[in-house]
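Accompanying notes for the structure given below.
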Amino acid sequence: MADTNPFLPVTSSGYTHLPDESHQTNAPVIRRRRPFKEHLIVVIGLLALGLFVAFIGYKASSNGHVHDNENGSFQALSREPQTNPLVSRGPTTGVSEKANRVRGPKSSQHASRGPAAGVSEKSNLVGNNLRSYPWDISMLSWQRTSFHFQPEKNWMNDPNGPMFYKGWYHFFYQYNPKGAVWGNIVWGHAVSKDLINWMHLPLAIVSDKWYDINGVWTGSATILPDGQVIMLYTGCTNESVQVQNLAYPADASDPLLINWVKYSNNPVLVPPPGINDKDFRDPTTAWLTAEGKWRIIIGSKMGREGIALVYDTNDFKTYEIEGILHAVPGTGMWECVDLFPVSTEESNGLATLANGPGVKHVIKASLDDDRNDYYAIGTYYDKNHTWVPNNPSIDIGIGIRYDYGIFYAAKTFYDQDKERRILWGWIGESDSEAADVKKGWASLQSIPRTILMDRKTGTNLIQWPVEEVESLRVNNTDFDRVEMKAGETIPLDVGLATQLDIIAEFEIDKEALDKAVESNETFSCEGSGGAAERGALGPFGVLVLADETLAEQTPVYFYIVKAKDGFFKTFFCTDKSRSSEATDVNKQIYGSFVPVLEGENLSMRILVDHSIIESFAQGGRSCITARTYPTKAIHEAARVFLFNNATNASVTASLKIWQMDSADFQIYPNDATRQLSVFTSILILAAYLSCIEKFIW
Amino acid sequence: MNIFLLILFFIFPLRGIRPAPIIQLSNLIDQTCKQTPFYELCTSILLSNPKSADADIAGLARIMVTSLDSKASDTLDQINDLLEDTLTLDPATQQALALCAERYNVILTGDIPQTIAGLDRGNYKFAQKGTNDAALEASACEKGFPSKRKSPINELNKEVRHISIVAAAIVKVMIDS
């Protein structure tokens, strides 16, 4: 309460005692002795408080931003792959100085061509009558997915070190913090409770040592029986030699495993004699041998033969090379090798050290030569560190693929929480790099898939999107027994059609099957004319990301051929040839033969999520992942159709179609922490104000 | 007539004196170029660079990429020169040229660095991706022009495309060996 008589005389020893006033208040009221000083204190205090609040707010929002360079010192590479085209690339990089001018009619537009700017300025030049400029901001921004894993921006490739630890699914990935093309590779990191909704964390491992200065490349996690986490990864050294390094969590009690420490005596493995410096990468998860040692394998090649090298260790620091697990001539370099057990009897996944009757082992390799992932099922012999395929004619690299579209560098891990084995696969872009640079990002991960032996055929693995993805399903529409005559196309009204989960079953009429002429036609999806090439018994299926006029469409379909012996061969394809009117995107047709057993209906599942389409036939016996970049069939203009393009057969289809909600992608620290910081700041401000209240009034 | 002969006498020796680098068509260059779709383009580029004399196949790939870099730079310069001449350009051509400038920028700052990084670090699939994309960007640039007539940079686009394809083929030979 302010003193209303500021000019009452005040002596240093006492005060004028007023009648009826309490004698307790004996604190001298210092009033306006030095008004300037008081005001200064108040102002400085408020300023300091303001700065403090701002600081808290800044730290809360930028702490843990994945995509700043704060987490490590990067060796500045001689080229920045993107962002500012006006930066001189310099004569030392082998380019004449003359090339450094990017003069355009509006140079300011070039300078602003970062990920956020998109192409908005350019499209203003166009006007609606000039369709020859395909990529505008609406088309490009639509391409970003809503429930597939991807970082906020920039380039991603191989999945790394996936595991379940202290209640969280951990996912690491090859990442370029500086641009939307490959380069400057480090490990990104994210965590999830359900493999669908994610929290992005700070970069886990950066390239700050001589042994990984040219790249922190792919690696795997091993969780020891006592709970310790071991991470082995490939480093590209300052001389571009590929070596293996050991890293572990800085704080094992942190369930988010934010900080990592590199072993002080890295590298723990260098290329052995006879192996090229550039052919030695991607160490696997380790498993215990019968002798009690930990064993890993590393892919490589000798001449044109792809091989897997076997190493044993007791402590992950010193290793003995045991030999070669298996080799297949003509397959070239084996990248991202994976070895894991599958049960031939149960329907759950197996931990990596499982062995014995009822267990077979799968080896998978990513072939550098053709950029596809191949697997083979066989028997692992622990004692003499070898592995033999069940069927040598479909050995690793010459047999079955995980996926017949774009799917590479895949890696499995054992989810000990739900007792399943889960597969991650890197899905690259199939558009031009210019588009990637313009939209500011490149690559996705597949929806994680459970992976099991297909006990019905005994020759295939079954992959199926993890059940958690079904939590995104909303707005179910059922189509029951829709009959399609030969040549019919039927629109399916499901509302917004860019995020969908489609399950479809097809029955082709028996008469047509019987009447069909046998042929020794050797059909292949990629060599065919796609969904437009009509046969007696196909193609028939679903058109996704199609516009109303069908100028753009992506058919996912079956095609049946009657072979000379009267047996039917079924093919499952995804046809991108008319997926987009753009001229600079890939328009291949993907697919393969899929085994269909007696009594089985033809069934497919399709996950549509903007520019990615993941398709599964016969419960996951054959999979196709495709990237499409429509220019018209986007946003509300995208539609779904049923089609039967066979010449002679009618087909009955039943479908369940759900729209899919978007997944949640948070940045660490999450919003709750940020709100808490702001709230605390306000409290402090209020407390401070109440303290200086007396000075103000 | 005499003057003409005199001139001839002087011109031919001068051509002989000019210090052109004489590199033997080595077995490696011959074998490598035979595995590309444009043998003559491949050999002429490699033979005109002195470093090809004792380069291994990775070195030959690097030389090809350097040549691609140089040709792409020249093309971008040409595009920029054309764009400055705004008075004579129709809107469709102007727009196509502007788009080409962006694409060539990606070739120079994205594809080529990625290719070099891939070659240096032994991650050849990224080298292949970079060279393939360079061909795609040049091709897309050409297709962006109004279709009635050839673009003003048709020859340059073609050369860039061909050099990219040769470079990609050499990288494939490296992968396959």
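Residue numbering restarts at 1 in every chain; chains get A, B, ... in the order shown in the structure tokens, and ligands count up from 1 in that same order.
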Kindly assemble as JSON lines a list of the chain B residues that lie within 7 Å of chain A, each paired with its nearest atom pair and their distance in Å to one decimal, using only C-alpha atoms, sorted first by chain and then by ascending residue number.
```
{"residue": "B:Ser73", "atom": "CA", "partner": "A:Ala99", "partner_atom": "CA", "distance": 5.1}
{"residue": "B:Asp77", "atom": "CA", "partner": "A:Ala99", "partner_atom": "CA", "distance": 7.0}
{"residue": "B:Asn80", "atom": "CA", "partner": "A:Arg103", "partner_atom": "CA", "distance": 5.7}
{"residue": "B:Leu83", "atom": "CA", "partner": "A:Pro105", "partner_atom": "CA", "distance": 6.4}
{"residue": "B:Glu84", "atom": "CA", "partner": "A:Pro105", "partner_atom": "CA", "distance": 6.4}
{"residue": "B:Arg103", "atom": "CA", "partner": "A:Ala434", "partner_atom": "CA", "distance": 5.8}
{"residue": "B:Asn105", "atom": "CA", "partner": "A:Pro85", "partner_atom": "CA", "distance": 6.9}
{"residue": "B:Val106", "atom": "CA", "partner": "A:Ala434", "partner_atom": "CA", "distance": 5.6}
{"residue": "B:Thr109", "atom": "CA", "partner": "A:Pro81", "partner_atom": "CA", "distance": 5.0}
{"residue": "B:Gly110", "atom": "CA", "partner": "A:Pro81", "partner_atom": "CA", "distance": 4.7}
{"residue": "B:Pro113", "atom": "CA", "partner": "A:Arg79", "partner_atom": "CA", "distance": 6.5}
{"residue": "B:Gln114", "atom": "CA", "partner": "A:Trp182", "partner_atom": "CA", "distance": 6.4}
{"residue": "B:Asp120", "atom": "CA", "partner": "A:Ser240", "partner_atom": "CA", "distance": 6.8}
{"residue": "B:Arg121", "atom": "CA", "partner": "A:Ser240", "partner_atom": "CA", "distance": 5.0}
{"residue": "B:Gly122", "atom": "CA", "partner": "A:Lys278", "partner_atom": "CA", "distance": 5.1}
{"residue": "B:Lys125", "atom": "CA", "partner": "A:Asp368", "partner_atom": "CA", "distance": 6.5}
{"residue": "B:Asp133", "atom": "CA", "partner": "A:Ser432", "partner_atom": "CA", "distance": 6.4}
{"residue": "B:Leu136", "atom": "CA", "partner": "A:Asp584", "partner_atom": "CA", "distance": 6.7}
{"residue": "B:Glu137", "atom": "CA", "partner": "A:Ser432", "partner_atom": "CA", "distance": 6.9}
{"residue": "B:Ala140", "atom": "CA", "partner": "A:Asp584", "partner_atom": "CA", "distance": 5.8}
{"residue": "B:Gly144", "atom": "CA", "partner": "A:Ser132", "partner_atom": "CA", "distance": 6.2}
{"residue": "B:Ile175", "atom": "CA", "partner": "A:Asp369", "partner_atom": "CA", "distance": 6.2}
{"residue": "B:Asp176", "atom": "CA", "partner": "A:Gly332", "partner_atom": "CA", "distance": 6.8}
{"residue": "B:Ser177", "atom": "CA", "partner": "A:Arg304", "partner_atom": "CA", "distance": 6.3}
```
Within 8 Å of Ile165 of chain B using only C-alpha atoms, minus same-chain residues under 3 positions, as a PyMOL selection string: chain B and resi 36-37+131-132+135+161-162+168-169
Considering only C-alpha atoms, return as a VMD selection string whatever protein or nucleic-acid residues lie within 9 Å of segment 646-660 of chain A, sequence-local ones (same chain, fewer than 4 positions apart) excluded. chain A and resid 146 to 147 469 to 488 494 to 513 516 533 to 541 559 607 to 609 642
If I take atom CA of Gly405 of chain A and atom CA of Ile624 of chain A, how far is one from the other in Å, to one decimal?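 Atom CA of Ile624 of chain A lies 4.8 Å from atom CA of Gly405 of chain A.
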For Ser528 of chain A, the closest of A:Gly591, A:Gly566, A:Gly161, A:Pro389 counting only C-alpha atoms is A:Gly591
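With atom CA of Gly440 of chain A on one side and atom CA of Ala92 of chain B on the other, the separation reads 26.2 Å.
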Tell me, in Å to one decimal, how far atom CA of Met453 of chain A is from atom CA of Thr313 of chain A. 29.6 Å
For Ile377 of chain A, which of A:Asp395, A:Glu468, A:Glu429, A:Glu152 is the closest residue, counting only C-alpha atoms? A:Asp395
Those in segment 61-155 of chain B with helix (DSSP H, G or I) from DSSP, as a VMD selection string: chain B and resid 61 to 84 86 to 88 91 to 121 124 to 143 154 to 155
Pick out the residues sitting within 7 Å of Lys360 of chain A, and hand them over as a PyMOL selection string; count only C-alpha atoms, and ignore anything fewer than 2 positions along from it in its own chain. chain A and resi 341-344+358+362+377-379
Show which residues sit within 12 Å of Asn27 of chain B, as JSON, numbers by chain. Count only C-alpha atoms, and ignore same-chain residues fewer than 3 positions away. {"B": [23, 24, 30, 31, 32, 33, 34, 43, 52, 53, 54, 55, 56, 57]}
Could you save the residues just selected, with N, CA and C atoms, as a compact mmCIF listing (two decimals), in the first residue's frame?
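Result went into out39.txt, see below:
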```
# COMPACT_ATOMS: atom_id res chain seq x y z
N ILE B 23 47.91 -39.84 -76.41
CA ILE B 23 47.76 -40.98 -75.52
C ILE B 23 47.38 -42.18 -76.36
N GLN B 24 48.06 -43.24 -76.09
CA GLN B 24 47.73 -44.47 -76.80
C GLN B 24 46.37 -44.93 -76.37
N ASP B 30 39.93 -48.92 -74.10
CA ASP B 30 39.17 -49.56 -75.18
C ASP B 30 38.11 -50.50 -74.60
N GLN B 31 38.55 -51.36 -73.67
CA GLN B 31 37.62 -52.34 -73.09
C GLN B 31 36.49 -51.65 -72.34
N THR B 32 36.84 -50.62 -71.60
CA THR B 32 35.83 -49.92 -70.81
C THR B 32 34.81 -49.25 -71.72
N CYS B 33 35.32 -48.52 -72.71
CA CYS B 33 34.41 -47.78 -73.57
C CYS B 33 33.52 -48.69 -74.40
N LYS B 34 34.01 -49.88 -74.67
CA LYS B 34 33.19 -50.82 -75.43
C LYS B 34 31.95 -51.23 -74.63
N THR B 43 35.78 -42.69 -75.71
CA THR B 43 37.22 -42.68 -75.97
C THR B 43 37.73 -41.27 -76.19
N SER B 52 44.25 -40.03 -68.06
CA SER B 52 43.71 -41.35 -68.38
C SER B 52 44.81 -42.34 -68.72
N ALA B 53 46.01 -41.82 -69.00
CA ALA B 53 47.10 -42.69 -69.43
C ALA B 53 47.40 -43.77 -68.40
N ASP B 54 47.49 -43.40 -67.13
CA ASP B 54 47.71 -44.45 -66.14
C ASP B 54 46.64 -44.47 -65.06
N ALA B 55 45.40 -44.33 -65.50
CA ALA B 55 44.30 -44.42 -64.55
C ALA B 55 43.75 -45.83 -64.53
N ASP B 56 43.26 -46.23 -63.35
CA ASP B 56 42.51 -47.48 -63.31
C ASP B 56 41.06 -47.13 -63.65
N ILE B 57 40.19 -48.11 -63.56
CA ILE B 57 38.84 -47.85 -64.04
C ILE B 57 38.12 -46.80 -63.17
```
When you count only C-alpha atoms, which of these residues is closest to Ile230 of chain A: A:Asn157, A:Asp417, A:Phe280, A:Asp315? A:Asp315
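Each of B:Ile153, B:Met64, B:Leu108, B:Ala127 was checked against Ala96 of chain B using only C-alpha atoms; the smallest atom-to-atom distance is that of B:Ile153.
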Which residue out of A:Glu581, A:Asp403, A:Asp493, A:Glu600 has the minimum interatomic distance to Leu423 of chain A when only C-alpha atoms are used?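 Closest candidate: A:Asp403.
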Based on the backbone DSSP call, show me all residues of segment 551-595 of chain A assigned strand (DSSP E), as a ChimeraX atom specification. /A:554-562,568-575,589-593
Would you pick out the contacts of Val229 of chain A at 9 Å or less, using only C-alpha atoms, so that residues sharing its chain but fewer than 6 positions from it are not included, and give the list as a list in words?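 The residues that qualify are Tyr165, Ala221, Thr222, Ile223, Ala247, Tyr248, Pro249 and Ala252 of chain A.
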